[in-house]
Structure formats: C-alpha cells, structure tokens
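J.: Please read through the structure below; I'll follow up with questions.
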Amino acid sequence: MDLELSETQQAVVDGLSGDFTDAFIEVYQSSGDTFIRVESEAIVDICRYLKDEHHFIYLSDVFGIDRFTSRERFEVVYNIISLRAREHLFIKVRLPEENPVVESITGVWKSANWMEREVYDMFGVEFTNHPDFRRIFMPEDFDYFPLRKEFPLLGIPGSIDLPSTTPDPE
C-alpha cells in the first residue's frame, strides 16, 4: 500500500524512523488519517521530539481502545496537531492486558492531565509520573473499568447505589 503523506508527515516519518529506529513500529493511513505506532517506552521522548522539532504544539485528545486481544490488548492514542503546518497525526502505543502502564506525557503537554485520568478511569491504563492521578468519573474505591469489553452492559450489581427505577407514589 502506498502512503500519500504530506511533506510534513513525510518529514515526521523520516525523522522518527531515523532518530527512534528501535521505537518506530509502523505508519499507516485509514480514512484519510495518518497513524504512527511506536513503542510505549519511548512515548515521552517521541512526543517531545514532535513538539520541539515538528511544531505539534497542540494535544487535541488522548483516548484508549480495548482491542480485546490476547496480545497488546490496550491502545492509547494521542491526537496531536501542528497549527503551523495545519496537520494532525495520531500516535499510538499498545499495552499488555496485565499491568497496562505507560509514562505520562503531561510534562510535554499539560492538557494530557485530564485525558490520561479519563483513560485510566475507563480502561485501567496507568500513567506513571502523572501529577494528579485520581479517578474523575468513578469513585476512588470502584474496582472496575467500564469501557473494558468484559464489563457487563448493565453494570456490576451492587457496586454503586443506583437511583430507583420506579416512579414516586405521589
């Protein structure tokens, strides 16, 4: 498959494949977007490189994916934007089912703070060196992660008190 990369995207791919040879896994396109998959251990260095060298100064989103596979079950995807070049890229890392941990990129983009907390809250992916690692949607003592594929559609019985579903007798 031939990739139709812009000049900026080609420079990013060339830079990553040259400077991060051991961490660069693949580049592909889907639905008009460009995805670059890298090793999770290098995510902070790669994000800093993309921000400093290629002017991807805006982190638009960080989200999780449960691939529900036996290997590399979880993905964390970083949607970054270069306002100068009017380009965006998706940077992806894959993590194992057991102990899914990746380093926080809040040192590169402060806006990652709440987004990483949401990924933890919903998928259970932990971000090391995060400045304020608390749950934001679920109670702190909640032992489950609602966006994992094995989570029951009707929730965990008795895990959280739910409001009554019967109307008031008045």
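So you can find residues: chains in the structure tokens are A, B, ... in the order shown, residues in each start at 1, and ligands are numbered from 1 in order.
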Go through segment 23-91 of chain A and flag each residue having an atom no more than 9 Å from segment 107-130 of chain A; for those, report the closest pair of atoms plus their distance in Å to one decimal, using only C-alpha atoms, ordered by chain and rising number, as a Markdown table.
T.:
| residue | atom | partner | partner_atom | distance |
| --- | --- | --- | --- | --- |
| A:Val44 | CA | A:Val108 | CA | 7.3 |
| A:Cys47 | CA | A:Val108 | CA | 6.9 |
| A:Arg48 | CA | A:Val108 | CA | 5.9 |
| A:Lys51 | CA | A:Val108 | CA | 7.8 |
| A:Ile57 | CA | A:Trp109 | CA | 8.0 |
| A:Tyr58 | CA | A:Trp109 | CA | 7.7 |
| A:Leu59 | CA | A:Trp109 | CA | 6.6 |
| A:Ser60 | CA | A:Ser111 | CA | 8.3 |
| A:Asp61 | CA | A:Met115 | CA | 6.9 |
| A:Val62 | CA | A:Met115 | CA | 5.5 |
| A:Phe63 | CA | A:Val119 | CA | 6.0 |
| A:Gly64 | CA | A:Val119 | CA | 5.6 |
| A:Ile65 | CA | A:Phe123 | CA | 7.9 |
| A:Asp66 | CA | A:Phe123 | CA | 7.4 |
| A:Phe74 | CA | A:Val125 | CA | 8.0 |
| A:Val76 | CA | A:Val119 | CA | 8.0 |
J.: When you look at Gly155 of chain A with a cut-off of 12 Å (counting only C-alpha atoms), what residues show up, excluding the ones that are within fewer than 5 positions of it in the same chain? I need them as a PyMOL selection string.
T.: chain A and resi 142+144-150+160-162
J.: I need the residues of chain A that end up classed as alpha helix (DSSP H) by DSSP on the backbone, written out as a PDB file with N, CA, C and O atoms, in the first residue's frame.
T.:
ATOM      1  N   GLU A   7       4.095  16.669   2.992  1.00  0.00           N
ATOM      2  CA  GLU A   7       5.510  16.967   3.215  1.00  0.00           C
ATOM      3  C   GLU A   7       5.856  16.917   4.703  1.00  0.00           C
ATOM      4  O   GLU A   7       6.883  16.356   5.102  1.00  0.00           O
ATOM      5  N   THR A   8       4.982  17.492   5.536  1.00  0.00           N
ATOM      6  CA  THR A   8       5.202  17.487   6.982  1.00  0.00           C
ATOM      7  C   THR A   8       5.157  16.071   7.530  1.00  0.00           C
ATOM      8  O   THR A   8       6.018  15.668   8.324  1.00  0.00           O
ATOM      9  N   GLN A   9       4.164  15.301   7.123  1.00  0.00           N
ATOM     10  CA  GLN A   9       4.047  13.930   7.604  1.00  0.00           C
ATOM     11  C   GLN A   9       5.244  13.089   7.178  1.00  0.00           C
ATOM     12  O   GLN A   9       5.754  12.287   7.963  1.00  0.00           O
ATOM     13  N   GLN A  10       5.711  13.287   5.957  1.00  0.00           N
ATOM     14  CA  GLN A  10       6.880  12.537   5.492  1.00  0.00           C
ATOM     15  C   GLN A  10       8.118  12.909   6.302  1.00  0.00           C
ATOM     16  O   GLN A  10       8.923  12.048   6.652  1.00  0.00           O
ATOM     17  N   ALA A  11       8.257  14.197   6.635  1.00  0.00           N
ATOM     18  CA  ALA A  11       9.391  14.629   7.459  1.00  0.00           C
ATOM     19  C   ALA A  11       9.319  13.998   8.848  1.00  0.00           C
ATOM     20  O   ALA A  11      10.348  13.600   9.408  1.00  0.00           O
ATOM     21  N   VAL A  12       8.113  13.891   9.406  1.00  0.00           N
ATOM     22  CA  VAL A  12       7.937  13.262  10.715  1.00  0.00           C
ATOM     23  C   VAL A  12       8.312  11.782  10.647  1.00  0.00           C
ATOM     24  O   VAL A  12       9.067  11.285  11.480  1.00  0.00           O
ATOM     25  N   VAL A  13       7.811  11.090   9.641  1.00  0.00           N
ATOM     26  CA  VAL A  13       8.109   9.660   9.495  1.00  0.00           C
ATOM     27  C   VAL A  13       9.601   9.437   9.289  1.00  0.00           C
ATOM     28  O   VAL A  13      10.203   8.557   9.918  1.00  0.00           O
ATOM     29  N   ASP A  14      10.214  10.248   8.443  1.00  0.00           N
ATOM     30  CA  ASP A  14      11.658  10.124   8.217  1.00  0.00           C
ATOM     31  C   ASP A  14      12.440  10.402   9.499  1.00  0.00           C
ATOM     32  O   ASP A  14      13.396   9.690   9.816  1.00  0.00           O
ATOM     33  N   GLY A  15      12.038  11.426  10.241  1.00  0.00           N
ATOM     34  CA  GLY A  15      12.717  11.768  11.491  1.00  0.00           C
ATOM     35  C   GLY A  15      12.575  10.680  12.538  1.00  0.00           C
ATOM     36  O   GLY A  15      13.539  10.307  13.199  1.00  0.00           O
ATOM     37  N   LEU A  16      11.358  10.164  12.689  1.00  0.00           N
ATOM     38  CA  LEU A  16      11.137   9.111  13.677  1.00  0.00           C
ATOM     39  C   LEU A  16      11.865   7.822  13.304  1.00  0.00           C
ATOM     40  O   LEU A  16      12.471   7.177  14.165  1.00  0.00           O
ATOM     41  N   SER A  17      11.816   7.456  12.036  1.00  0.00           N
ATOM     42  CA  SER A  17      12.481   6.218  11.630  1.00  0.00           C
ATOM     43  C   SER A  17      14.004   6.353  11.709  1.00  0.00           C
ATOM     44  O   SER A  17      14.704   5.362  11.903  1.00  0.00           O
ATOM     45  N   GLY A  18      14.525   7.582  11.600  1.00  0.00           N
ATOM     46  CA  GLY A  18      15.965   7.796  11.723  1.00  0.00           C
ATOM     47  C   GLY A  18      16.428   7.967  13.151  1.00  0.00           C
ATOM     48  O   GLY A  18      17.392   7.339  13.590  1.00  0.00           O
ATOM     49  N   ASP A  19      15.715   8.813  13.930  1.00  0.00           N
ATOM     50  CA  ASP A  19      16.140   9.130  15.296  1.00  0.00           C
ATOM     51  C   ASP A  19      15.637   8.142  16.344  1.00  0.00           C
ATOM     52  O   ASP A  19      16.200   8.041  17.425  1.00  0.00           O
ATOM     53  N   ILE A  43       7.425   6.904  24.406  1.00  0.00           N
ATOM     54  CA  ILE A  43       6.363   7.866  24.075  1.00  0.00           C
ATOM     55  C   ILE A  43       6.705   9.295  24.507  1.00  0.00           C
ATOM     56  O   ILE A  43       6.438  10.246  23.766  1.00  0.00           O
ATOM     57  N   VAL A  44       7.304   9.480  25.653  1.00  0.00           N
ATOM     58  CA  VAL A  44       7.609  10.845  26.109  1.00  0.00           C
ATOM     59  C   VAL A  44       8.659  11.484  25.203  1.00  0.00           C
ATOM     60  O   VAL A  44       8.490  12.634  24.766  1.00  0.00           O
ATOM     61  N   ASP A  45       9.714  10.765  24.898  1.00  0.00           N
ATOM     62  CA  ASP A  45      10.759  11.306  24.025  1.00  0.00           C
ATOM     63  C   ASP A  45      10.222  11.597  22.631  1.00  0.00           C
ATOM     64  O   ASP A  45      10.563  12.621  22.026  1.00  0.00           O
ATOM     65  N   ILE A  46       9.378  10.723  22.121  1.00  0.00           N
ATOM     66  CA  ILE A  46       8.806  10.936  20.787  1.00  0.00           C
ATOM     67  C   ILE A  46       7.865  12.129  20.789  1.00  0.00           C
ATOM     68  O   ILE A  46       7.907  12.962  19.880  1.00  0.00           O
ATOM     69  N   CYS A  47       7.040  12.255  21.806  1.00  0.00           N
ATOM     70  CA  CYS A  47       6.135  13.409  21.876  1.00  0.00           C
ATOM     71  C   CYS A  47       6.914  14.716  21.997  1.00  0.00           C
ATOM     72  O   CYS A  47       6.577  15.713  21.353  1.00  0.00           O
ATOM     73  N   ARG A  48       7.961  14.709  22.804  1.00  0.00           N
ATOM     74  CA  ARG A  48       8.787  15.918  22.943  1.00  0.00           C
ATOM     75  C   ARG A  48       9.450  16.267  21.603  1.00  0.00           C
ATOM     76  O   ARG A  48       9.510  17.425  21.200  1.00  0.00           O
ATOM     77  N   TYR A  49       9.947  15.258  20.915  1.00  0.00           N
ATOM     78  CA  TYR A  49      10.560  15.455  19.595  1.00  0.00           C
ATOM     79  C   TYR A  49       9.535  16.044  18.613  1.00  0.00           C
ATOM     80  O   TYR A  49       9.842  17.007  17.897  1.00  0.00           O
ATOM     81  N   LEU A  50       8.327  15.502  18.592  1.00  0.00           N
ATOM     82  CA  LEU A  50       7.303  16.002  17.670  1.00  0.00           C
ATOM     83  C   LEU A  50       6.899  17.436  18.006  1.00  0.00           C
ATOM     84  O   LEU A  50       6.645  18.238  17.104  1.00  0.00           O
ATOM     85  N   LYS A  51       6.868  17.759  19.278  1.00  0.00           N
ATOM     86  CA  LYS A  51       6.524  19.121  19.676  1.00  0.00           C
ATOM     87  C   LYS A  51       7.656  20.095  19.349  1.00  0.00           C
ATOM     88  O   LYS A  51       7.422  21.151  18.753  1.00  0.00           O
ATOM     89  N   ASP A  52       8.880  19.736  19.712  1.00  0.00           N
ATOM     90  CA  ASP A  52      10.012  20.650  19.547  1.00  0.00           C
ATOM     91  C   ASP A  52      10.500  20.759  18.105  1.00  0.00           C
ATOM     92  O   ASP A  52      10.811  21.855  17.637  1.00  0.00           O
ATOM     93  N   GLU A  53      10.576  19.644  17.410  1.00  0.00           N
ATOM     94  CA  GLU A  53      11.166  19.637  16.068  1.00  0.00           C
ATOM     95  C   GLU A  53      10.158  19.831  14.934  1.00  0.00           C
ATOM     96  O   GLU A  53      10.506  20.332  13.875  1.00  0.00           O
ATOM     97  N   HIS A  54       8.914  19.405  15.151  1.00  0.00           N
ATOM     98  CA  HIS A  54       7.926  19.469  14.069  1.00  0.00           C
ATOM     99  C   HIS A  54       6.718  20.330  14.418  1.00  0.00           C
ATOM    100  O   HIS A  54       5.739  20.352  13.684  1.00  0.00           O
ATOM    101  N   ALA A 112      -2.697  16.952  28.788  1.00  0.00           N
ATOM    102  CA  ALA A 112      -2.859  15.497  28.888  1.00  0.00           C
ATOM    103  C   ALA A 112      -3.387  15.082  30.257  1.00  0.00           C
ATOM    104  O   ALA A 112      -3.891  13.963  30.413  1.00  0.00           O
ATOM    105  N   ASN A 113      -3.329  15.970  31.235  1.00  0.00           N
ATOM    106  CA  ASN A 113      -3.691  15.636  32.608  1.00  0.00           C
ATOM    107  C   ASN A 113      -5.055  14.955  32.707  1.00  0.00           C
ATOM    108  O   ASN A 113      -5.161  13.807  33.118  1.00  0.00           O
ATOM    109  N   TRP A 114      -6.118  15.645  32.356  1.00  0.00           N
ATOM    110  CA  TRP A 114      -7.461  15.091  32.493  1.00  0.00           C
ATOM    111  C   TRP A 114      -7.701  13.957  31.512  1.00  0.00           C
ATOM    112  O   TRP A 114      -8.402  12.996  31.822  1.00  0.00           O
ATOM    113  N   MET A 115      -7.127  14.040  30.333  1.00  0.00           N
ATOM    114  CA  MET A 115      -7.347  12.993  29.332  1.00  0.00           C
ATOM    115  C   MET A 115      -6.739  11.665  29.782  1.00  0.00           C
ATOM    116  O   MET A 115      -7.352  10.608  29.614  1.00  0.00           O
ATOM    117  N   GLU A 116      -5.550  11.708  30.362  1.00  0.00           N
ATOM    118  CA  GLU A 116      -4.935  10.484  30.865  1.00  0.00           C
ATOM    119  C   GLU A 116      -5.722   9.926  32.050  1.00  0.00           C
ATOM    120  O   GLU A 116      -5.880   8.702  32.177  1.00  0.00           O
ATOM    121  N   ARG A 117      -6.235  10.802  32.884  1.00  0.00           N
ATOM    122  CA  ARG A 117      -7.056  10.353  34.009  1.00  0.00           C
ATOM    123  C   ARG A 117      -8.325   9.670  33.517  1.00  0.00           C
ATOM    124  O   ARG A 117      -8.768   8.672  34.089  1.00  0.00           O
ATOM    125  N   GLU A 118      -8.893  10.167  32.439  1.00  0.00           N
ATOM    126  CA  GLU A 118     -10.092   9.543  31.870  1.00  0.00           C
ATOM    127  C   GLU A 118      -9.768   8.151  31.318  1.00  0.00           C
ATOM    128  O   GLU A 118     -10.526   7.204  31.511  1.00  0.00           O
ATOM    129  N   VAL A 119      -8.634   8.018  30.628  1.00  0.00           N
ATOM    130  CA  VAL A 119      -8.232   6.709  30.090  1.00  0.00           C
ATOM    131  C   VAL A 119      -8.035   5.723  31.238  1.00  0.00           C
ATOM    132  O   VAL A 119      -8.465   4.563  31.154  1.00  0.00           O
ATOM    133  N   TYR A 120      -7.431   6.163  32.325  1.00  0.00           N
ATOM    134  CA  TYR A 120      -7.294   5.281  33.485  1.00  0.00           C
ATOM    135  C   TYR A 120      -8.659   4.903  34.039  1.00  0.00           C
ATOM    136  O   TYR A 120      -8.947   3.726  34.300  1.00  0.00           O
ATOM    137  N   ASP A 121      -9.505   5.885  34.230  1.00  0.00           N
ATOM    138  CA  ASP A 121     -10.808   5.669  34.832  1.00  0.00           C
ATOM    139  C   ASP A 121     -11.661   4.687  34.037  1.00  0.00           C
ATOM    140  O   ASP A 121     -12.371   3.863  34.604  1.00  0.00           O
ATOM    141  N   MET A 122     -11.588   4.752  32.733  1.00  0.00           N
ATOM    142  CA  MET A 122     -12.446   3.924  31.891  1.00  0.00           C
ATOM    143  C   MET A 122     -11.818   2.598  31.464  1.00  0.00           C
ATOM    144  O   MET A 122     -12.515   1.619  31.239  1.00  0.00           O
ATOM    145  N   PHE A 123     -10.467   2.551  31.343  1.00  0.00           N
ATOM    146  CA  PHE A 123      -9.804   1.349  30.827  1.00  0.00           C
ATOM    147  C   PHE A 123      -8.816   0.712  31.815  1.00  0.00           C
ATOM    148  O   PHE A 123      -8.402  -0.417  31.608  1.00  0.00           O
TER     149      PHE A 123
END
J.: Work out how far apart atom CA of Phe137 of chain A and atom CA of Thr106 of chain A are and give it in Å to one decimal.
T.: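 One can read the atom CA of Phe137 of chain A to atom CA of Thr106 of chain A distance as 19.5 Å.
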J.: Name all residues at most 8 Å from Thr34 of chain A (count only C-alpha atoms; drop same-chain ones fewer than 2 positions away) and give them as a list in words.
T.: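 Here the qualifying residues turn out to be Leu5, Val27, Tyr28, Gln29, Ser30, Gly32, Ile36, His88, Leu89 and Phe90 of chain A.
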J.: Could you write those residues out with N, CA and C atoms, as a compact mmCIF listing (two decimals), in the first residue's frame?
T.:
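Dumped to out22.txt:
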# COMPACT_ATOMS: atom_id res chain seq x y z
N LEU A 5 1.52 10.71 1.98
CA LEU A 5 1.86 11.57 3.09
C LEU A 5 2.14 12.98 2.60
N VAL A 27 3.78 2.96 10.24
CA VAL A 27 2.94 4.09 9.86
C VAL A 27 1.92 3.57 8.87
N TYR A 28 0.68 4.01 9.04
CA TYR A 28 -0.37 3.61 8.10
C TYR A 28 -1.44 4.69 8.04
N GLN A 29 -2.26 4.59 7.04
CA GLN A 29 -3.35 5.55 6.88
C GLN A 29 -4.68 4.81 6.85
N SER A 30 -5.68 5.46 7.41
CA SER A 30 -7.03 4.91 7.44
C SER A 30 -8.01 6.06 7.43
N GLY A 32 -8.29 8.57 5.64
CA GLY A 32 -7.67 9.87 5.41
C GLY A 32 -6.79 10.37 6.55
N ILE A 36 0.77 6.64 13.49
CA ILE A 36 2.14 6.20 13.69
C ILE A 36 2.17 5.41 14.99
N HIS A 88 -2.48 17.06 11.36
CA HIS A 88 -2.63 16.31 12.60
C HIS A 88 -2.21 14.87 12.38
N LEU A 89 -1.75 14.26 13.47
CA LEU A 89 -1.29 12.87 13.45
C LEU A 89 -1.88 12.15 14.65
N PHE A 90 -2.01 10.86 14.52
CA PHE A 90 -2.37 10.01 15.65
C PHE A 90 -1.15 9.16 15.99
J.: Using only C-alpha atoms, pick whichever of A:Leu153, A:Ala42, A:Ile105, A:Leu95 has the shortest atom-to-atom distance to Thr21 of chain A.
T.: A:Ala42
J.: Based on the backbone DSSP call, show me all residues of chain A assigned strand (DSSP E or B), as a ChimeraX atom specification.
T.: /A:24-30,33-38,58-66,74-82,87-95,101-103,126-128
J.: Which distance in Å separates atom CA of Glu75 of chain A and atom CA of Phe35 of chain A, to one decimal?
T.: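 Distance reported for this atom pair: 12.3 Å.
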J.: Can you work out which one of A:Glu87, A:Glu41, A:Glu140, A:Glu98 has the shortest atom-to-atom distance to Thr69 of chain A, counting only C-alpha atoms?
T.: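 Of A:Glu87, A:Glu41, A:Glu140, A:Glu98, the one nearest Thr69 of chain A is A:Glu98, counting only C-alpha atoms.
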J.: Considering only C-alpha atoms, can you say which of A:Phe56, A:Phe68, A:Pro157, A:Pro96 comes closest to Leu83 of chain A?
T.: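 Nearest candidate to Leu83 of chain A out of A:Phe56, A:Phe68, A:Pro157, A:Pro96: A:Phe56.
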